[in-house]
Amino acid sequence: MRLKITSLLATAALALTACGSSTDECAEVIGQGGLLPAAEALAAAEACVPGTVADFVDNVGDRVFFDFDRSAVRPDGMETLQRQAAWLNTYGNYVVTINGHCDNRGTVEYNLALGERRAFAAKEKLAAFGVDPARIKVVSYGKNRPIAEQPAGDEWAYQQNRVAITVLD
Amino acid sequence: MFKKLIFTFLIFLSFTLGVSAELRIDITEGTFKPVPIAITPFTGGGDSELAKVGEDITQVIMNDLESCGLFKVVDPNAYIQSAQDVMTHPRFEDWKILNAEALVGGLLKRNGNNLQVEFRLFDLFTQAQLTGLALGADPSNWRQVAHKVANEIYERMTGDKGYFDTRVVYIAESGPEMDRKYRLAIMDQDGANHQFLSSGTTRVLTPRFSPDRTKIAYIDFGKDDKSPNVHIYDFASGQASTIGSVEGQRMSPRFSPKGDHLILSSAKGGSASLYKMHLGNKQLERLTTSTATIDVSPCYSPDGSQIVYISDRGGKPQIYVRDTTGGEGTRISFSPGRYDNPIWSPRGDLIAFTRQKGSIFYIGVMRPDGSGERMLDSGYLLEGPTWCPNGREIMYTCQPSSNAKVGLCSIDIVGVNKRKINLPGEGSYPTW
């Protein structure tokens, strides 16, 4: 559903017609040229419209990653949250839910609480950056709703699932 | 629900020939050798319809007794008498030649519309009848009758309560890792009579039986998949209902020993605390008050005087025990790694738990003071232990390897007789 703009190859024509105001990523899409299925092209195009869900996901970044067993926001996550806050302060009509997730190398019950702790850590930072906490809900899925498949020992996949994702409602 | 069974317990006259130490199973360590038992196929006395039921009943009894690991059924091809003859004049000396130590015979009769099953259990050394009963029931309940016979044999020979007629609720899982469906399901402890209790349209987790087994408390994420809350399924009505408002994320609901309230954990603001929730007025009563730690997975001692739970106040999640009325709690787990899901044995003498060290998961037990810690099983993913109602076995989620399907396993508390539960699909998180 949501596509990273950097992984797309869009037709110059489509992107050109879709992008009213072009961010750096939009310029990149336009520059790459090539053929793209209609749905992906549409998503790529939508991401170029400021204030859309796709804009938030692709250009701001909707996820903050955590270290194993940790819920402290890392410097890279801090930057993401700063961008999220700036965006949410610009588009004040959105309310969000932050989904907390954990990798599958843990137990159901403790990880539900750990996921909540991660999501709340993200919420706290957004609030510190000026987003009204009343606009932010938090829900944890623990280890039960992975973002990436997790074969045994795949540290990259585990990393993808130690995450707080800000979802525009 | 099962139709109510009607039992008439008739104690047969025992034809004891001599009194000596009777056959009794006592397992206290892992070197136990199963008792060889001959179970003659229950007969219908010339009634072919009853004969078929008799065969089925015999099969269930054999399966029950072998599955518990305490018995080895002697090969029926070697049997030297029919069940009918065993009931009236068992030839003890001849049966002993087959190396059997116990002998069972049984008869089926019609009693109006009811089925009547009579059976006898003999000790081949003392040549005494250990037990004999007549059980009456609706013919559709023949499996339950078979389980009751197996219970009686098990109880007579182990002193423990039989559990073959008990049921297990668990989370039936299906679909790929990224789009998993979770359904509440129930089955007999041997996998028979499997039934789904929820449709799979909502995410359900961590089911727990009420003490009288008439309800299940669990977490349901709701139709929007983002409203996790405590739900209670009521077997009498076949309906589930939400309980309490969503203030914080509710987790780990579990019934009190009297069934009048739940104990649960609620996460909010990055910490999780334990609460009592009264089922009458739905009032919450806070039990732990830390605003920095995760306190989760609470479980009462059988007498209700203490609570065992998980807290990460020392860094990693560890097991703590505290008085129900208050107190700081005492840490009882100290092995390397992290712990979850502590569950108090119905006998009160042990606490079962999940332990994770590196990439290995364990199911283990320890005494409530933390002494005597033993790991019963280990593997790629093991978690969520639940006790057999008699405190003799533990069932849990087991996935032997990353590629393997997730299923349920059970093991005896001395660490023997591990077996995989027969499920129609994948499953996790049993409550027994």
# chains A, B, ... in the order shown; residues from 1 in each chain; ligands from 1
call {"tool": "residues_around", "arguments": {"residues": "stretch 61-71 of chain A", "least_positions_apart": "4", "cutoff": "9 Å", "atoms": "only C-alpha atoms", "output": "short mmCIF file (atom, residue, chain, number, x, y, z; two decimals) with N, CA and C atoms, in the first residue's frame"}}
result
data_model
loop_
_atom_site.label_atom_id
_atom_site.label_comp_id
_atom_site.auth_asym_id
_atom_site.auth_seq_id
_atom_site.Cartn_x
_atom_site.Cartn_y
_atom_site.Cartn_z
N ASP A 55 2.33 11.75 1.58
CA ASP A 55 3.36 12.77 1.83
C ASP A 55 4.00 12.51 3.19
N PHE A 56 3.14 12.26 4.18
CA PHE A 56 3.63 12.03 5.54
C PHE A 56 4.50 10.76 5.59
N VAL A 57 3.97 9.68 5.01
CA VAL A 57 4.67 8.40 5.07
C VAL A 57 6.00 8.46 4.31
N ASP A 76 18.39 9.01 15.51
CA ASP A 76 17.72 8.98 14.19
C ASP A 76 16.20 9.08 14.35
N GLY A 77 15.69 8.43 15.41
CA GLY A 77 14.26 8.50 15.67
C GLY A 77 13.84 9.91 16.08
N MET A 78 14.72 10.55 16.82
CA MET A 78 14.45 11.92 17.26
C MET A 78 14.27 12.85 16.05
N THR A 80 13.32 11.92 13.03
CA THR A 80 12.05 11.58 12.40
C THR A 80 10.89 12.24 13.14
N LEU A 81 10.93 12.13 14.47
CA LEU A 81 9.82 12.69 15.26
C LEU A 81 9.75 14.21 15.16
N ARG A 83 10.57 15.86 12.47
CA ARG A 83 9.90 16.11 11.17
C ARG A 83 8.40 15.86 11.28
N GLN A 84 8.04 14.76 11.99
CA GLN A 84 6.61 14.44 12.16
C GLN A 84 5.90 15.58 12.87
N CYS A 102 6.87 -5.01 18.49
CA CYS A 102 8.09 -5.67 18.95
C CYS A 102 8.43 -6.80 17.99
N ASP A 103 9.69 -7.22 18.00
CA ASP A 103 10.05 -8.37 17.16
C ASP A 103 9.46 -9.65 17.76
N LEU A 114 5.71 -3.58 26.42
CA LEU A 114 6.91 -2.94 25.85
C LEU A 114 6.55 -2.12 24.60
N GLY A 115 5.64 -2.64 23.79
CA GLY A 115 5.18 -1.91 22.60
C GLY A 115 4.49 -0.61 22.99
N ARG A 117 5.11 1.04 25.67
CA ARG A 117 6.16 1.93 26.18
C ARG A 117 6.89 2.61 25.01
N ARG A 118 7.11 1.88 23.92
CA ARG A 118 7.77 2.46 22.74
C ARG A 118 6.88 3.52 22.10
N ALA A 119 5.61 3.17 21.92
CA ALA A 119 4.69 4.10 21.28
C ALA A 119 4.56 5.36 22.13
N PHE A 120 4.52 5.17 23.47
CA PHE A 120 4.39 6.33 24.34
C PHE A 120 5.65 7.20 24.28
N ALA A 121 6.81 6.55 24.16
CA ALA A 121 8.06 7.33 24.06
C ALA A 121 8.01 8.25 22.85
N ALA A 122 7.47 7.75 21.74
CA ALA A 122 7.32 8.56 20.54
C ALA A 122 6.31 9.69 20.77
N TYR A 158 14.10 -8.28 12.41
CA TYR A 158 13.74 -7.97 13.80
C TYR A 158 13.71 -6.46 14.01
N GLN A 159 14.75 -5.81 13.45
CA GLN A 159 14.89 -4.36 13.59
C GLN A 159 13.65 -3.64 13.02
N GLN A 160 13.17 -4.14 11.86
CA GLN A 160 11.99 -3.52 11.24
C GLN A 160 10.77 -3.57 12.15
N ASN A 161 10.76 -4.59 13.02
CA ASN A 161 9.59 -4.79 13.88
C ASN A 161 9.70 -4.17 15.26
N ARG A 162 10.88 -3.65 15.59
CA ARG A 162 11.01 -2.92 16.87
C ARG A 162 10.74 -1.45 16.57
N VAL A 163 9.47 -1.11 16.49
CA VAL A 163 9.13 0.14 15.83
C VAL A 163 7.88 0.79 16.43
N ALA A 164 7.84 2.11 16.36
CA ALA A 164 6.62 2.85 16.65
C ALA A 164 6.22 3.55 15.35
N ILE A 165 5.03 3.26 14.87
CA ILE A 165 4.58 3.82 13.60
C ILE A 165 3.47 4.83 13.85
N THR A 166 3.67 6.04 13.34
CA THR A 166 2.66 7.07 13.49
C THR A 166 1.70 6.99 12.31
N VAL A 167 0.45 6.68 12.62
CA VAL A 167 -0.55 6.49 11.56
C VAL A 167 -1.56 7.62 11.61
N GLY B 270 3.68 4.51 29.19
CA GLY B 270 4.97 3.83 29.21
C GLY B 270 5.20 2.91 30.38
N LYS B 316 15.42 -6.25 33.68
CA LYS B 316 14.74 -7.21 32.81
C LYS B 316 13.48 -7.76 33.50
#
call {"tool": "interface_residues", "arguments": {"of": "chain B", "to": "chain A", "cutoff": "8 Å", "atoms": "only C-alpha atoms", "output": "ChimeraX atom specification"}}
result
/B:177-180,206,226-228,249,251-252,267-272,294,296-297,310,317,340-341,356,359,381,383-384,402-403
call {"tool": "select_by_dssp", "arguments": {"residues": "stretch 98-152 of chain A", "states": "alpha helix (DSSP H)", "output": "compact mmCIF listing (two decimals) with N, CA, C and O atoms, in the first residue's frame"}}
result
# COMPACT_ATOMS: atom_id res chain seq x y z
N VAL A 108 4.27 -12.91 24.39
CA VAL A 108 3.11 -12.08 24.05
C VAL A 108 2.88 -10.98 25.08
O VAL A 108 2.79 -9.80 24.75
N GLU A 109 2.81 -11.37 26.36
CA GLU A 109 2.29 -10.43 27.36
C GLU A 109 3.26 -9.29 27.67
O GLU A 109 2.88 -8.12 27.63
N TYR A 110 4.50 -9.61 27.97
CA TYR A 110 5.45 -8.53 28.28
C TYR A 110 5.61 -7.60 27.09
O TYR A 110 5.73 -6.38 27.24
N ASN A 111 5.61 -8.16 25.88
CA ASN A 111 5.84 -7.34 24.70
C ASN A 111 4.67 -6.42 24.36
O ASN A 111 4.86 -5.40 23.69
N LEU A 112 3.46 -6.77 24.82
CA LEU A 112 2.35 -5.82 24.66
C LEU A 112 2.66 -4.55 25.45
O LEU A 112 2.46 -3.43 24.97
N ALA A 113 3.19 -4.73 26.66
CA ALA A 113 3.52 -3.56 27.48
C ALA A 113 4.74 -2.82 26.92
O ALA A 113 4.78 -1.59 26.92
N LEU A 114 5.71 -3.58 26.42
CA LEU A 114 6.91 -2.94 25.85
C LEU A 114 6.55 -2.12 24.60
O LEU A 114 7.06 -1.02 24.40
N GLY A 115 5.64 -2.64 23.79
CA GLY A 115 5.18 -1.91 22.60
C GLY A 115 4.49 -0.61 22.99
O GLY A 115 4.66 0.43 22.34
N GLU A 116 3.71 -0.68 24.08
CA GLU A 116 3.04 0.54 24.55
C GLU A 116 4.08 1.55 25.01
O GLU A 116 3.95 2.76 24.77
N ARG A 117 5.11 1.04 25.67
CA ARG A 117 6.16 1.93 26.18
C ARG A 117 6.89 2.61 25.01
O ARG A 117 7.21 3.80 25.07
N ARG A 118 7.11 1.88 23.92
CA ARG A 118 7.77 2.46 22.74
C ARG A 118 6.88 3.52 22.10
O ARG A 118 7.33 4.62 21.77
N ALA A 119 5.61 3.17 21.92
CA ALA A 119 4.69 4.10 21.28
C ALA A 119 4.56 5.36 22.13
O ALA A 119 4.52 6.48 21.60
N PHE A 120 4.52 5.17 23.47
CA PHE A 120 4.39 6.33 24.34
C PHE A 120 5.65 7.20 24.28
O PHE A 120 5.56 8.44 24.35
N ALA A 121 6.81 6.55 24.16
CA ALA A 121 8.06 7.33 24.06
C ALA A 121 8.01 8.25 22.85
O ALA A 121 8.41 9.42 22.91
N ALA A 122 7.47 7.75 21.74
CA ALA A 122 7.32 8.56 20.54
C ALA A 122 6.31 9.69 20.77
O ALA A 122 6.54 10.84 20.37
N LYS A 123 5.22 9.34 21.45
CA LYS A 123 4.19 10.34 21.73
C LYS A 123 4.75 11.49 22.58
O LYS A 123 4.50 12.68 22.30
N GLU A 124 5.54 11.12 23.59
CA GLU A 124 6.13 12.13 24.47
C GLU A 124 6.99 13.14 23.70
O GLU A 124 6.95 14.33 23.95
N LYS A 125 7.77 12.60 22.74
CA LYS A 125 8.64 13.48 21.96
C LYS A 125 7.81 14.39 21.06
O LYS A 125 8.08 15.59 20.96
N LEU A 126 6.79 13.81 20.42
CA LEU A 126 5.92 14.65 19.57
C LEU A 126 5.31 15.78 20.41
O LEU A 126 5.25 16.93 19.97
N ALA A 127 4.89 15.43 21.62
CA ALA A 127 4.31 16.44 22.50
C ALA A 127 5.35 17.51 22.84
O ALA A 127 5.06 18.71 22.85
N ALA A 128 6.58 17.04 23.10
CA ALA A 128 7.65 17.98 23.43
C ALA A 128 7.94 18.92 22.26
O ALA A 128 8.36 20.06 22.45
call {"tool": "residues_around", "arguments": {"residues": "B:Phe164", "least_positions_apart": "6", "cutoff": "12 Å", "atoms": "only C-alpha atoms", "output": "PyMOL selection string"}}
result
chain B and resi 60-68+143-155+187-192+388-390+393+432
call {"tool": "select_by_dssp", "arguments": {"residues": "stretch 176-276 of chain B", "states": "strand (DSSP E)", "output": "VMD selection string"}}
result
chain B and resid 181 to 188 195 to 196 204 to 209 215 to 220 229 to 234 239 to 242 249 to 255 261 to 268 271 to 276
call {"tool": "atom_distance", "arguments": {"atom1": "atom CA of B:Val365", "atom2": "atom CA of B:Asp160"}}
result
19.0 Å
call {"tool": "residues_around", "arguments": {"residues": "B:Pro36", "least_positions_apart": "6", "cutoff": "9 Å", "atoms": "only C-alpha atoms", "output": "VMD selection string"}}
result
chain B and resid 70 to 74 99 to 103
call {"tool": "residues_around", "arguments": {"residues": "stretch 87-91 of chain A", "least_positions_apart": "4", "cutoff": "9 Å", "atoms": "only C-alpha atoms", "output": "list in words"}}
result
Gly51, Phe56, Val60, Gln82, Arg83, Val95, Gly130, Val131 and Asp132 of chain A
call {"tool": "atom_distance", "arguments": {"atom1": "atom CA of B:Ile351", "atom2": "atom CA of B:Val416"}}
result
17.6 Å
